[in-house]
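K.L.:
Here you go, data-v5.cif (mmCIF, C-alpha atoms):
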```cif
data_work
loop_
_atom_site.label_atom_id
_atom_site.label_comp_id
_atom_site.auth_asym_id
_atom_site.auth_seq_id
_atom_site.Cartn_x
_atom_site.Cartn_y
_atom_site.Cartn_z
CA MET A 1 11.47 -16.32 -31.49
CA SER A 2 8.18 -14.82 -30.33
CA ILE A 3 6.25 -15.85 -27.24
CA GLU A 4 3.62 -17.37 -29.55
CA HIS A 5 6.24 -19.78 -30.93
CA TYR A 6 7.04 -21.13 -27.47
CA GLN A 7 3.36 -21.41 -26.58
CA ASN A 8 3.32 -24.31 -29.01
CA THR A 9 6.11 -26.19 -27.21
CA TYR A 10 6.18 -28.41 -24.13
CA ILE A 11 7.05 -25.39 -21.97
CA GLN A 12 3.46 -24.13 -22.27
CA ASN A 13 2.19 -27.32 -20.61
CA ASN A 14 4.65 -27.18 -17.72
CA PHE A 15 3.42 -24.02 -15.98
CA ALA A 16 2.07 -24.42 -12.45
CA ASP A 17 -1.69 -24.32 -12.02
CA ARG A 18 -1.29 -21.41 -9.58
CA ILE A 19 -0.38 -19.07 -12.45
CA GLY A 20 -2.69 -20.57 -15.05
CA GLY A 21 -1.22 -23.93 -16.00
CA ALA A 22 -1.37 -24.74 -19.70
CA ASN A 23 -3.39 -21.57 -20.31
CA TYR A 24 -0.72 -19.28 -18.85
CA GLY A 25 -0.28 -16.17 -21.01
CA LYS A 26 -3.37 -16.88 -23.10
CA ASP A 27 -5.82 -14.94 -20.93
CA THR A 28 -7.11 -11.98 -22.93
CA ALA A 29 -8.54 -10.12 -19.92
CA ILE A 30 -6.97 -6.72 -19.38
CA TYR A 31 -6.35 -5.94 -15.74
CA LYS A 32 -7.07 -2.61 -14.07
CA PHE A 33 -3.58 -1.18 -13.94
CA GLU A 34 -2.84 -2.28 -17.50
CA LYS A 35 -6.00 -0.49 -18.64
CA ILE A 36 -4.82 2.64 -16.85
CA LYS A 37 -1.38 2.35 -18.45
CA ARG A 38 -2.86 1.97 -21.93
CA ALA A 39 -5.31 4.83 -21.42
CA LYS A 40 -2.50 7.13 -20.27
CA ALA A 41 -0.42 6.26 -23.31
CA GLN A 42 -3.36 6.91 -25.64
CA ALA A 43 -4.22 10.20 -23.94
CA LYS A 44 -0.65 11.42 -24.33
CA LYS A 45 -0.77 10.45 -27.99
CA ASP A 46 -4.12 12.16 -28.59
CA PHE A 47 -3.20 15.33 -26.66
CA PRO A 48 0.59 15.65 -26.89
CA ASN A 49 0.61 19.30 -25.83
CA VAL A 50 -1.59 18.90 -22.75
CA GLU A 51 -0.09 18.15 -19.34
CA LEU A 52 -1.17 14.78 -17.97
CA ILE A 53 -1.96 15.17 -14.27
CA ASP A 54 -1.19 11.88 -12.56
CA LEU A 55 -3.26 11.45 -9.40
CA GLY A 56 -3.01 7.68 -9.67
CA VAL A 57 0.61 7.09 -8.80
CA GLY A 58 1.16 5.32 -5.50
CA GLU A 59 4.66 6.47 -4.68
CA PRO A 60 6.27 9.71 -3.47
CA ASP A 61 7.12 12.46 -5.94
CA GLU A 62 10.40 13.48 -4.29
CA MET A 63 13.80 11.99 -3.55
CA ALA A 64 14.89 10.73 -0.16
CA ASP A 65 16.24 13.24 2.35
CA ALA A 66 19.73 14.51 1.55
CA GLY A 67 21.06 13.19 4.86
CA ILE A 68 19.90 9.67 4.01
CA VAL A 69 21.44 9.87 0.55
CA ALA A 70 24.73 11.12 2.02
CA LYS A 71 24.74 8.28 4.55
CA LEU A 72 24.27 5.76 1.74
CA ALA A 73 27.21 7.21 -0.18
CA GLU A 74 29.38 7.14 2.93
CA GLU A 75 28.54 3.54 3.81
CA ALA A 76 28.65 2.29 0.23
CA ALA A 77 32.29 3.35 0.07
CA LYS A 78 33.29 1.10 2.97
CA PRO A 79 34.65 -2.30 1.94
CA GLU A 80 33.24 -4.00 5.04
CA ASN A 81 29.70 -3.30 3.79
CA ARG A 82 30.11 -5.06 0.46
CA GLY A 83 29.01 -8.58 1.45
CA TYR A 84 25.85 -10.52 2.11
CA ALA A 85 23.58 -9.04 4.76
CA ASP A 86 21.60 -12.26 5.30
CA ASN A 87 18.92 -11.54 7.91
CA GLY A 88 20.14 -8.06 8.67
CA ILE A 89 22.55 -6.08 10.78
CA PRO A 90 22.16 -5.23 14.50
CA GLU A 91 22.35 -1.48 13.84
CA PHE A 92 19.23 -1.51 11.70
CA LYS A 93 17.27 -3.69 14.11
CA ALA A 94 18.18 -1.38 16.99
CA ALA A 95 17.08 1.64 14.93
CA ALA A 96 13.76 -0.04 14.14
CA ALA A 97 13.06 -0.76 17.81
CA HIS A 98 14.00 2.83 18.69
CA TYR A 99 11.70 4.14 15.94
CA LEU A 100 8.75 2.14 17.25
CA LYS A 101 9.33 3.53 20.74
CA GLU A 102 10.02 7.13 19.69
CA VAL A 103 7.27 7.58 17.10
CA PHE A 104 4.61 5.06 18.16
CA HIS A 105 5.30 4.63 21.90
CA VAL A 106 5.73 0.88 21.52
CA GLU A 107 7.62 -0.34 24.58
CA GLY A 108 9.56 -3.53 25.08
CA ILE A 109 10.54 -4.50 21.53
CA ASN A 110 13.66 -6.66 21.67
CA PRO A 111 15.69 -5.81 18.56
CA GLU A 112 17.51 -9.15 18.67
CA THR A 113 14.46 -11.42 18.64
CA GLU A 114 11.47 -9.27 17.67
CA VAL A 115 12.71 -7.31 14.64
CA LEU A 116 14.01 -8.35 11.21
CA HIS A 117 14.63 -6.24 8.12
CA SER A 118 12.81 -6.95 4.87
CA ILE A 119 13.49 -5.85 1.31
CA GLY A 120 10.37 -3.70 1.47
CA SER A 121 6.97 -4.81 2.79
CA LYS A 122 5.88 -6.63 -0.36
CA PRO A 123 8.40 -9.50 -0.06
CA ALA A 124 7.50 -9.88 3.62
CA LEU A 125 3.82 -10.20 2.73
CA ALA A 126 4.75 -12.73 0.05
CA MET A 127 6.80 -14.87 2.45
CA LEU A 128 4.61 -14.92 5.54
CA PRO A 129 2.07 -17.42 4.16
CA SER A 130 4.90 -19.93 3.73
CA CYS A 131 5.30 -19.83 7.51
CA PHE A 132 1.70 -20.78 8.24
CA ILE A 133 -0.52 -21.77 5.34
CA ASN A 134 -1.23 -25.41 4.54
CA PRO A 135 -3.76 -26.49 1.88
CA GLY A 136 -7.24 -25.60 3.06
CA ASP A 137 -6.13 -22.95 5.56
CA VAL A 138 -7.69 -19.50 5.30
CA THR A 139 -6.24 -16.00 5.11
CA ILE A 140 -8.72 -13.22 5.81
CA MET A 141 -8.18 -10.17 3.60
CA THR A 142 -9.88 -6.79 3.43
CA VAL A 143 -11.21 -5.43 0.15
CA PRO A 144 -10.50 -3.07 -1.41
CA GLY A 145 -6.90 -3.67 -0.53
CA TYR A 146 -3.39 -4.85 -1.32
CA PRO A 147 -3.63 -8.50 -2.43
CA VAL A 148 -0.13 -9.98 -2.02
CA LEU A 149 -0.68 -11.95 1.20
CA GLY A 150 -3.82 -13.47 -0.33
CA THR A 151 -2.14 -14.25 -3.63
CA HIS A 152 0.57 -16.28 -1.94
CA THR A 153 -1.98 -17.97 0.30
CA LYS A 154 -3.66 -19.28 -2.85
CA TYR A 155 -0.28 -20.30 -4.31
CA LEU A 156 0.13 -22.59 -1.28
CA GLY A 157 -3.30 -24.18 -1.64
CA GLY A 158 -4.98 -22.00 0.95
CA GLU A 159 -8.17 -20.01 0.65
CA VAL A 160 -8.91 -16.30 0.91
CA TYR A 161 -11.96 -14.88 2.64
CA ASN A 162 -12.65 -11.22 1.86
CA VAL A 163 -14.18 -8.73 4.28
CA GLU A 164 -15.49 -5.55 2.67
CA LEU A 165 -14.41 -2.13 3.93
CA LYS A 166 -17.58 -0.06 3.85
CA LYS A 167 -18.06 3.67 4.29
CA GLU A 168 -20.78 3.16 6.89
CA ASN A 169 -18.26 1.32 9.10
CA ASN A 170 -15.53 3.95 8.63
CA PHE A 171 -13.76 1.51 6.30
CA LEU A 172 -12.95 -0.82 9.20
CA PRO A 173 -13.72 -4.54 8.82
CA ASP A 174 -16.80 -5.79 10.70
CA LEU A 175 -15.29 -8.56 12.81
CA ASP A 176 -18.73 -9.90 13.73
CA SER A 177 -19.51 -10.49 10.05
CA ILE A 178 -16.79 -13.16 9.72
CA PRO A 179 -18.47 -16.58 9.79
CA GLU A 180 -17.50 -18.90 12.62
CA ASP A 181 -16.32 -21.65 10.28
CA ILE A 182 -14.02 -19.19 8.48
CA ALA A 183 -12.58 -17.91 11.75
CA LYS A 184 -11.99 -21.51 12.85
CA ARG A 185 -9.97 -22.32 9.71
CA ALA A 186 -8.18 -18.98 9.46
CA LYS A 187 -4.47 -18.73 10.15
CA LEU A 188 -3.80 -15.13 9.06
CA PHE A 189 -5.77 -11.87 9.08
CA TYR A 190 -4.40 -8.97 7.02
CA LEU A 191 -5.02 -5.39 8.15
CA ASN A 192 -3.62 -2.13 6.75
CA TYR A 193 -4.03 1.25 8.50
CA PRO A 194 -3.85 4.03 7.49
CA ASN A 195 -5.44 2.19 4.62
CA ASN A 196 -4.70 1.88 0.93
CA PRO A 197 -6.87 2.83 -0.92
CA THR A 198 -9.45 4.31 1.46
CA GLY A 199 -7.12 6.51 3.54
CA ALA A 200 -9.03 5.40 6.65
CA SER A 201 -7.29 5.23 10.01
CA ALA A 202 -7.78 2.70 12.78
CA THR A 203 -8.23 3.47 16.47
CA SER A 204 -6.66 1.88 19.52
CA GLU A 205 -10.15 0.68 20.46
CA PHE A 206 -10.50 -1.15 17.15
CA PHE A 207 -7.04 -2.71 17.51
CA SER A 208 -8.01 -3.89 21.00
CA GLU A 209 -11.08 -5.58 19.49
CA VAL A 210 -8.81 -7.21 16.92
CA VAL A 211 -6.52 -8.57 19.64
CA ALA A 212 -9.49 -10.07 21.51
CA TRP A 213 -10.89 -11.56 18.30
CA ALA A 214 -7.51 -13.06 17.35
CA LYS A 215 -7.07 -14.64 20.79
CA LYS A 216 -10.59 -16.09 20.67
CA HIS A 217 -10.05 -17.67 17.26
CA ASN A 218 -6.28 -18.39 17.37
CA VAL A 219 -5.55 -16.25 14.32
CA ILE A 220 -2.30 -14.39 13.60
CA ILE A 221 -2.67 -10.70 12.78
CA VAL A 222 -0.47 -9.20 10.06
CA HIS A 223 -0.70 -5.41 10.24
CA ASP A 224 0.79 -3.75 7.17
CA ALA A 225 1.75 -0.23 8.25
CA PRO A 226 3.67 1.57 5.46
CA TYR A 227 1.64 4.77 5.94
CA ALA A 228 1.47 4.66 9.75
CA ALA A 229 3.66 7.73 10.31
CA LEU A 230 1.91 9.83 7.64
CA THR A 231 -0.89 11.31 9.75
CA TYR A 232 -2.56 14.71 9.80
CA ASP A 233 -4.60 17.23 11.76
CA GLY A 234 -3.62 16.14 15.22
CA LEU A 235 -3.89 12.39 14.70
CA LYS A 236 -0.88 10.75 16.32
CA PRO A 237 0.85 7.85 14.53
CA LEU A 238 -0.66 4.61 15.84
CA SER A 239 0.97 1.18 15.86
CA PHE A 240 -0.95 -2.06 16.30
CA LEU A 241 1.90 -3.12 18.59
CA SER A 242 1.12 -0.27 20.99
CA VAL A 243 -2.12 -2.00 22.03
CA PRO A 244 -1.88 -4.37 25.02
CA GLY A 245 -1.72 -7.99 23.91
CA ALA A 246 -0.88 -7.22 20.28
CA LYS A 247 2.51 -8.92 20.44
CA ASP A 248 0.77 -12.09 21.65
CA VAL A 249 -1.20 -12.38 18.41
CA GLY A 250 0.77 -10.85 15.59
CA VAL A 251 3.31 -8.70 13.83
CA GLU A 252 3.52 -5.33 12.12
CA LEU A 253 5.26 -4.49 8.86
CA HIS A 254 6.89 -1.10 8.40
CA SER A 255 8.44 0.33 5.28
CA LEU A 256 10.53 3.41 4.56
CA SER A 257 9.15 3.61 1.02
CA LYS A 258 6.29 6.01 1.65
CA SER A 259 7.27 7.66 4.93
CA TYR A 260 10.83 8.47 3.83
CA ASN A 261 10.48 8.78 0.01
CA MET A 262 12.51 5.57 -0.37
CA THR A 263 10.39 3.35 -2.65
CA GLY A 264 13.26 2.21 -4.85
CA TRP A 265 15.58 1.54 -1.91
CA ARG A 266 13.52 -1.52 -0.87
CA ILE A 267 13.91 -1.50 2.88
CA GLY A 268 11.49 -2.14 5.71
CA PHE A 269 11.07 -4.36 8.75
CA ILE A 270 8.82 -6.82 10.55
CA ALA A 271 8.34 -6.49 14.31
CA GLY A 272 6.29 -8.16 17.00
CA ASN A 273 5.71 -11.73 18.09
CA PRO A 274 9.17 -13.34 18.36
CA LEU A 275 8.00 -16.76 17.15
CA VAL A 276 6.44 -15.25 14.02
CA VAL A 277 9.55 -13.13 13.45
CA LYS A 278 11.78 -16.21 13.81
CA ALA A 279 9.68 -18.20 11.33
CA PHE A 280 9.75 -15.30 8.89
CA GLY A 281 13.53 -15.17 9.24
CA ASP A 282 13.86 -18.87 8.42
CA VAL A 283 11.72 -18.54 5.30
CA LYS A 284 13.44 -15.30 4.32
CA ASP A 285 16.83 -16.99 4.64
CA ASN A 286 15.72 -19.32 1.83
CA ASN A 287 14.45 -16.48 -0.36
CA ASP A 288 17.06 -13.73 -0.27
CA SER A 289 20.47 -12.85 1.10
CA GLY A 290 19.49 -9.57 2.69
CA GLN A 291 19.44 -5.94 1.60
CA PHE A 292 22.72 -4.11 0.90
CA ILE A 293 24.25 -3.19 4.25
CA ALA A 294 24.83 0.42 3.18
CA ILE A 295 21.09 0.79 2.51
CA GLN A 296 20.32 -0.65 5.94
CA LYS A 297 22.66 1.86 7.58
CA ALA A 298 21.21 4.76 5.60
CA ALA A 299 17.72 3.59 6.58
CA ALA A 300 18.80 3.44 10.23
CA TYR A 301 19.85 7.09 9.93
CA GLY A 302 16.34 7.87 8.72
CA LEU A 303 14.66 5.94 11.52
CA TYR A 304 16.64 7.97 14.07
CA ASN A 305 15.41 11.17 12.38
CA PRO A 306 11.58 10.95 12.23
CA GLN A 307 11.33 14.70 11.65
CA ILE A 308 12.03 13.82 8.01
CA THR A 309 8.65 12.08 7.85
CA GLU A 310 6.96 14.94 9.69
CA ARG A 311 8.03 17.32 6.92
CA ILE A 312 6.74 14.94 4.26
CA ALA A 313 3.43 14.56 6.09
CA ALA A 314 3.01 18.34 6.26
CA LYS A 315 3.27 18.53 2.48
CA TYR A 316 0.71 15.79 1.93
CA SER A 317 -1.66 17.37 4.45
CA ARG A 318 -1.49 20.67 2.57
CA ARG A 319 -2.15 18.96 -0.75
CA HIS A 320 -5.09 17.00 0.70
CA ASP A 321 -6.64 20.26 1.87
CA MET A 322 -6.34 21.74 -1.62
CA LEU A 323 -7.65 18.68 -3.47
CA VAL A 324 -10.58 18.07 -1.12
CA ALA A 325 -11.67 21.71 -1.41
CA ALA A 326 -11.46 21.62 -5.22
CA LEU A 327 -13.42 18.37 -5.56
CA ASN A 328 -16.13 19.49 -3.16
CA GLU A 329 -16.60 22.69 -5.16
CA LEU A 330 -17.32 20.40 -8.12
CA GLY A 331 -20.00 18.48 -6.22
CA PHE A 332 -18.02 15.55 -4.83
CA LYS A 333 -18.32 14.54 -1.18
CA ALA A 334 -14.62 14.23 -0.47
CA GLU A 335 -13.40 13.93 3.12
CA LYS A 336 -9.77 14.54 4.01
CA PRO A 337 -8.23 11.36 5.41
CA LYS A 338 -6.37 11.37 8.72
CA GLY A 339 -3.49 9.42 7.19
CA SER A 340 -1.84 8.12 3.98
CA PHE A 341 -1.49 10.07 0.75
CA PHE A 342 -4.67 8.63 -0.75
CA LEU A 343 -8.05 10.30 -1.16
CA TYR A 344 -10.90 7.84 -1.75
CA VAL A 345 -14.10 9.29 -3.18
CA GLU A 346 -17.31 7.89 -4.56
CA ALA A 347 -17.54 8.07 -8.33
CA PRO A 348 -20.32 10.14 -9.89
CA LYS A 349 -23.24 8.31 -11.46
CA GLY A 350 -22.79 10.34 -14.62
CA ILE A 351 -22.78 13.76 -16.24
CA LYS A 352 -25.97 15.75 -16.31
CA GLY A 353 -27.49 15.41 -19.77
CA GLY A 354 -24.62 13.14 -20.84
CA ILE A 355 -22.86 9.86 -20.27
CA ARG A 356 -23.45 7.47 -17.33
CA PHE A 357 -20.78 5.89 -15.16
CA ASN A 358 -21.72 2.38 -14.13
CA SER A 359 -18.53 1.84 -12.14
CA GLY A 360 -15.50 3.54 -10.71
CA GLU A 361 -13.60 2.23 -13.69
CA ASP A 362 -15.97 3.98 -16.11
CA PHE A 363 -15.35 7.28 -14.35
CA SER A 364 -11.59 6.73 -14.10
CA GLN A 365 -11.38 5.98 -17.81
CA TYR A 366 -13.39 9.13 -18.58
CA LEU A 367 -11.01 11.23 -16.49
CA ILE A 368 -7.91 10.01 -18.26
CA ARG A 369 -9.30 9.92 -21.80
CA GLU A 370 -11.24 13.17 -21.74
CA LYS A 371 -9.55 15.27 -19.06
CA LEU A 372 -6.00 13.82 -18.92
CA ILE A 373 -6.32 13.22 -15.18
CA SER A 374 -5.16 9.81 -14.05
CA SER A 375 -6.75 8.01 -11.08
CA VAL A 376 -7.24 4.43 -9.88
CA PRO A 377 -10.74 2.89 -9.79
CA TRP A 378 -11.92 0.57 -7.01
CA ASP A 379 -15.17 -1.35 -7.47
CA ASP A 380 -14.69 -4.05 -4.83
CA ALA A 381 -17.08 -2.50 -2.29
CA GLY A 382 -19.01 0.27 -4.02
CA HIS A 383 -17.92 2.49 -6.90
CA PHE A 384 -14.94 4.61 -5.87
CA VAL A 385 -11.83 6.19 -7.32
CA ARG A 386 -8.54 6.74 -5.54
CA PHE A 387 -6.63 9.97 -5.99
CA SER A 388 -3.09 10.37 -4.72
CA VAL A 389 -1.55 13.64 -3.55
CA THR A 390 1.88 12.51 -4.74
CA PHE A 391 1.39 14.33 -8.05
CA ILE A 392 4.41 16.08 -9.52
CA ALA A 393 4.68 19.66 -8.31
CA SER A 394 7.57 21.83 -7.18
CA GLY A 395 6.58 23.85 -4.14
CA GLU A 396 3.31 25.28 -2.84
CA GLU A 397 2.74 27.65 -5.75
CA ASP A 398 3.05 24.83 -8.26
CA GLU A 399 0.80 22.59 -6.14
CA GLN A 400 -1.91 25.23 -6.28
CA ARG A 401 -1.43 25.53 -10.03
CA VAL A 402 -2.01 21.79 -10.47
CA ILE A 403 -5.12 21.85 -8.27
CA ASN A 404 -6.50 24.84 -10.17
CA GLU A 405 -5.90 23.03 -13.43
CA ILE A 406 -7.81 19.99 -12.17
CA LYS A 407 -10.72 22.20 -11.16
CA ASN A 408 -10.69 24.03 -14.48
CA ARG A 409 -10.72 20.80 -16.50
CA LEU A 410 -13.69 19.42 -14.59
CA SER A 411 -15.70 22.64 -14.41
CA ASP A 412 -17.20 22.41 -17.90
CA VAL A 413 -19.47 19.51 -16.90
CA GLU A 414 -21.95 18.95 -14.06
CA PHE A 415 -21.56 15.62 -12.33
CA GLU A 416 -24.52 13.70 -10.93
CA PHE A 417 -24.08 11.76 -7.69
#
```
Would you put the structure from the file into structure tokens?

P.N.:
Amino acid sequence: MSIEHYQNTYIQNNFADRIGGANYGKDTAIYKFEKIKRAKAQAKKDFPNVELIDLGVGEPDEMADAGIVAKLAEEAAKPENRGYADNGIPEFKAAAAHYLKEVFHVEGINPETEVLHSIGSKPALAMLPSCFINPGDVTIMTVPGYPVLGTHTKYLGGEVYNVELKKENNFLPDLDSIPEDIAKRAKLFYLNYPNNPTGASATSEFFSEVVAWAKKHNVIIVHDAPYAALTYDGLKPLSFLSVPGAKDVGVELHSLSKSYNMTGWRIGFIAGNPLVVKAFGDVKDNNDSGQFIAIQKAAAYGLYNPQITERIAAKYSRRHDMLVAALNELGFKAEKPKGSFFLYVEAPKGIKGGIRFNSGEDFSQYLIREKLISSVPWDDAGHFVRFSVTFIASGEEDEQRVINEIKNRLSDVEFEF
């Protein structure tokens, strides 16, 4: 039977209001990433012999380090690793605490009480509201940004207050712009640096301001840090937890997905305030039975070998240099980020003597349909597009070939900004 058949049964009326209630599945709006997916499929169909250059993908283009893969194979073969992991193994927690000290100079993390593994950052963000949000409570989110913490806040009857990340403020949230009544009702404040999609980095001074603000308003900070170790041009990896007082007000989420090319492995950790970590562990215990122990042990190997991430960061830095130079030759005002693999640039207003772009989405759709270059539009706070330097390329020579191809495809028009 088709979905339409079941939409005419009692099941259609039993859906929770949080996902649409009786109208679930009947919404005809097409969301951003679905539009991108459809446009890519159509472009491939229209131009089957032209390479599609995907600058929109948000995950690494290479496999995990061979040493990590070998460690997984070794540990997966051991019968003692076959069972439930529950809230994690001591070896992984110890590796996480060591990683925070070695890479980010975070002192005094107790691996027994202040670290827990997660099956990637996304499930951790989904579970944390269950620890704190009651109906009417507020989670403060930054836009543009990753919405999961806010989505689950709404699921629980809470509210989301959005703070825009603006270019004139270096894509940092203006804490003074948050109304007093919102701050009073807020339980959680989500931050993410280096940032997706803007690529912006925070400073220790900003994090210190956040700590003071959180203490003043009794708000818990959730710092999502999957790109924290991917930094360039002399910028040292910075952890929120390295700032004095941070552990008093919040936690930090780390993931091996982006920094170790391990997206599909689904492994990360939460660290920081022991009471928040304990609450997360209790909720987590009712959501999953832990990540495969062999994956945790392979991840621990990675955390003890941060030079793996340093090599990955060097590649992304090189690609950023190439892409920024190419775009600026075409008239864009692209600035290399200090971290992450994302490049966030303002969309043109149009093409001289031709079409107009009224949004980042208009420009993104033009790129994929006309030039077979995929990107991600962001129109939450200005008209921008996000390019990723995780495009498929094998080695420096091939990277330069891809960049040259991008430049060639966009050189037959003159953009207006």

K.L.:
How close does range 195-302 of chain A get to range 381-394 of chain A? List, as a tab-separated table, each residue of range 195-302 of chain A within 12 Å, its nearest atom pair and the distance in Å to one decimal, counting only C-alpha atoms.

P.N.:
```
residue	atom	partner	partner_atom	distance
A:Asn195	CA	A:Arg386	CA	11.6
A:Asn196	CA	A:Arg386	CA	9.0
A:Pro197	CA	A:Arg386	CA	6.3
A:Thr198	CA	A:Arg386	CA	7.5
A:Gly199	CA	A:Arg386	CA	9.2
A:Lys258	CA	A:Thr390	CA	10.1
A:Asn261	CA	A:Thr390	CA	10.5
```

K.L.:
Out of A:Asp181, A:Glu405, A:Glu114, A:Asp54, which residue has the shortest atom-to-atom distance to Gly250 in chain A when counting only C-alpha atoms?

P.N.:
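Residue with the minimum atom-to-atom distance to Gly250 in chain A: A:Glu114.
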
K.L.:
What is the distance between CA of Ala97 in chain A and CA of Leu253 in chain A, in Å to one decimal?

P.N.:
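CA of Leu253 in chain A lies at a distance of 12.4 Å from CA of Ala97 in chain A.
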
K.L.:
Could you work out how far CA of Phe33 in chain A lies from CA of Asp398 in chain A, giving the answer in Å with one decimal?

P.N.:
27.4 Å

K.L.:
The PyMOL selection byres ((chain A and resi 263-275) around 7) - which residues does that actually catch in the file I just gave you? List them as a ChimeraX atom specification.

P.N.:
/A:59,113-121,241,247-258,261-262,276-279

K.L.:
Excluding range 358-373 of chain A and its own-chain neighbours fewer than 5 positions away, which residues fall within 10 Å of it when counting all atoms listed in the file? Please give them as a count of residues only.

P.N.:
38
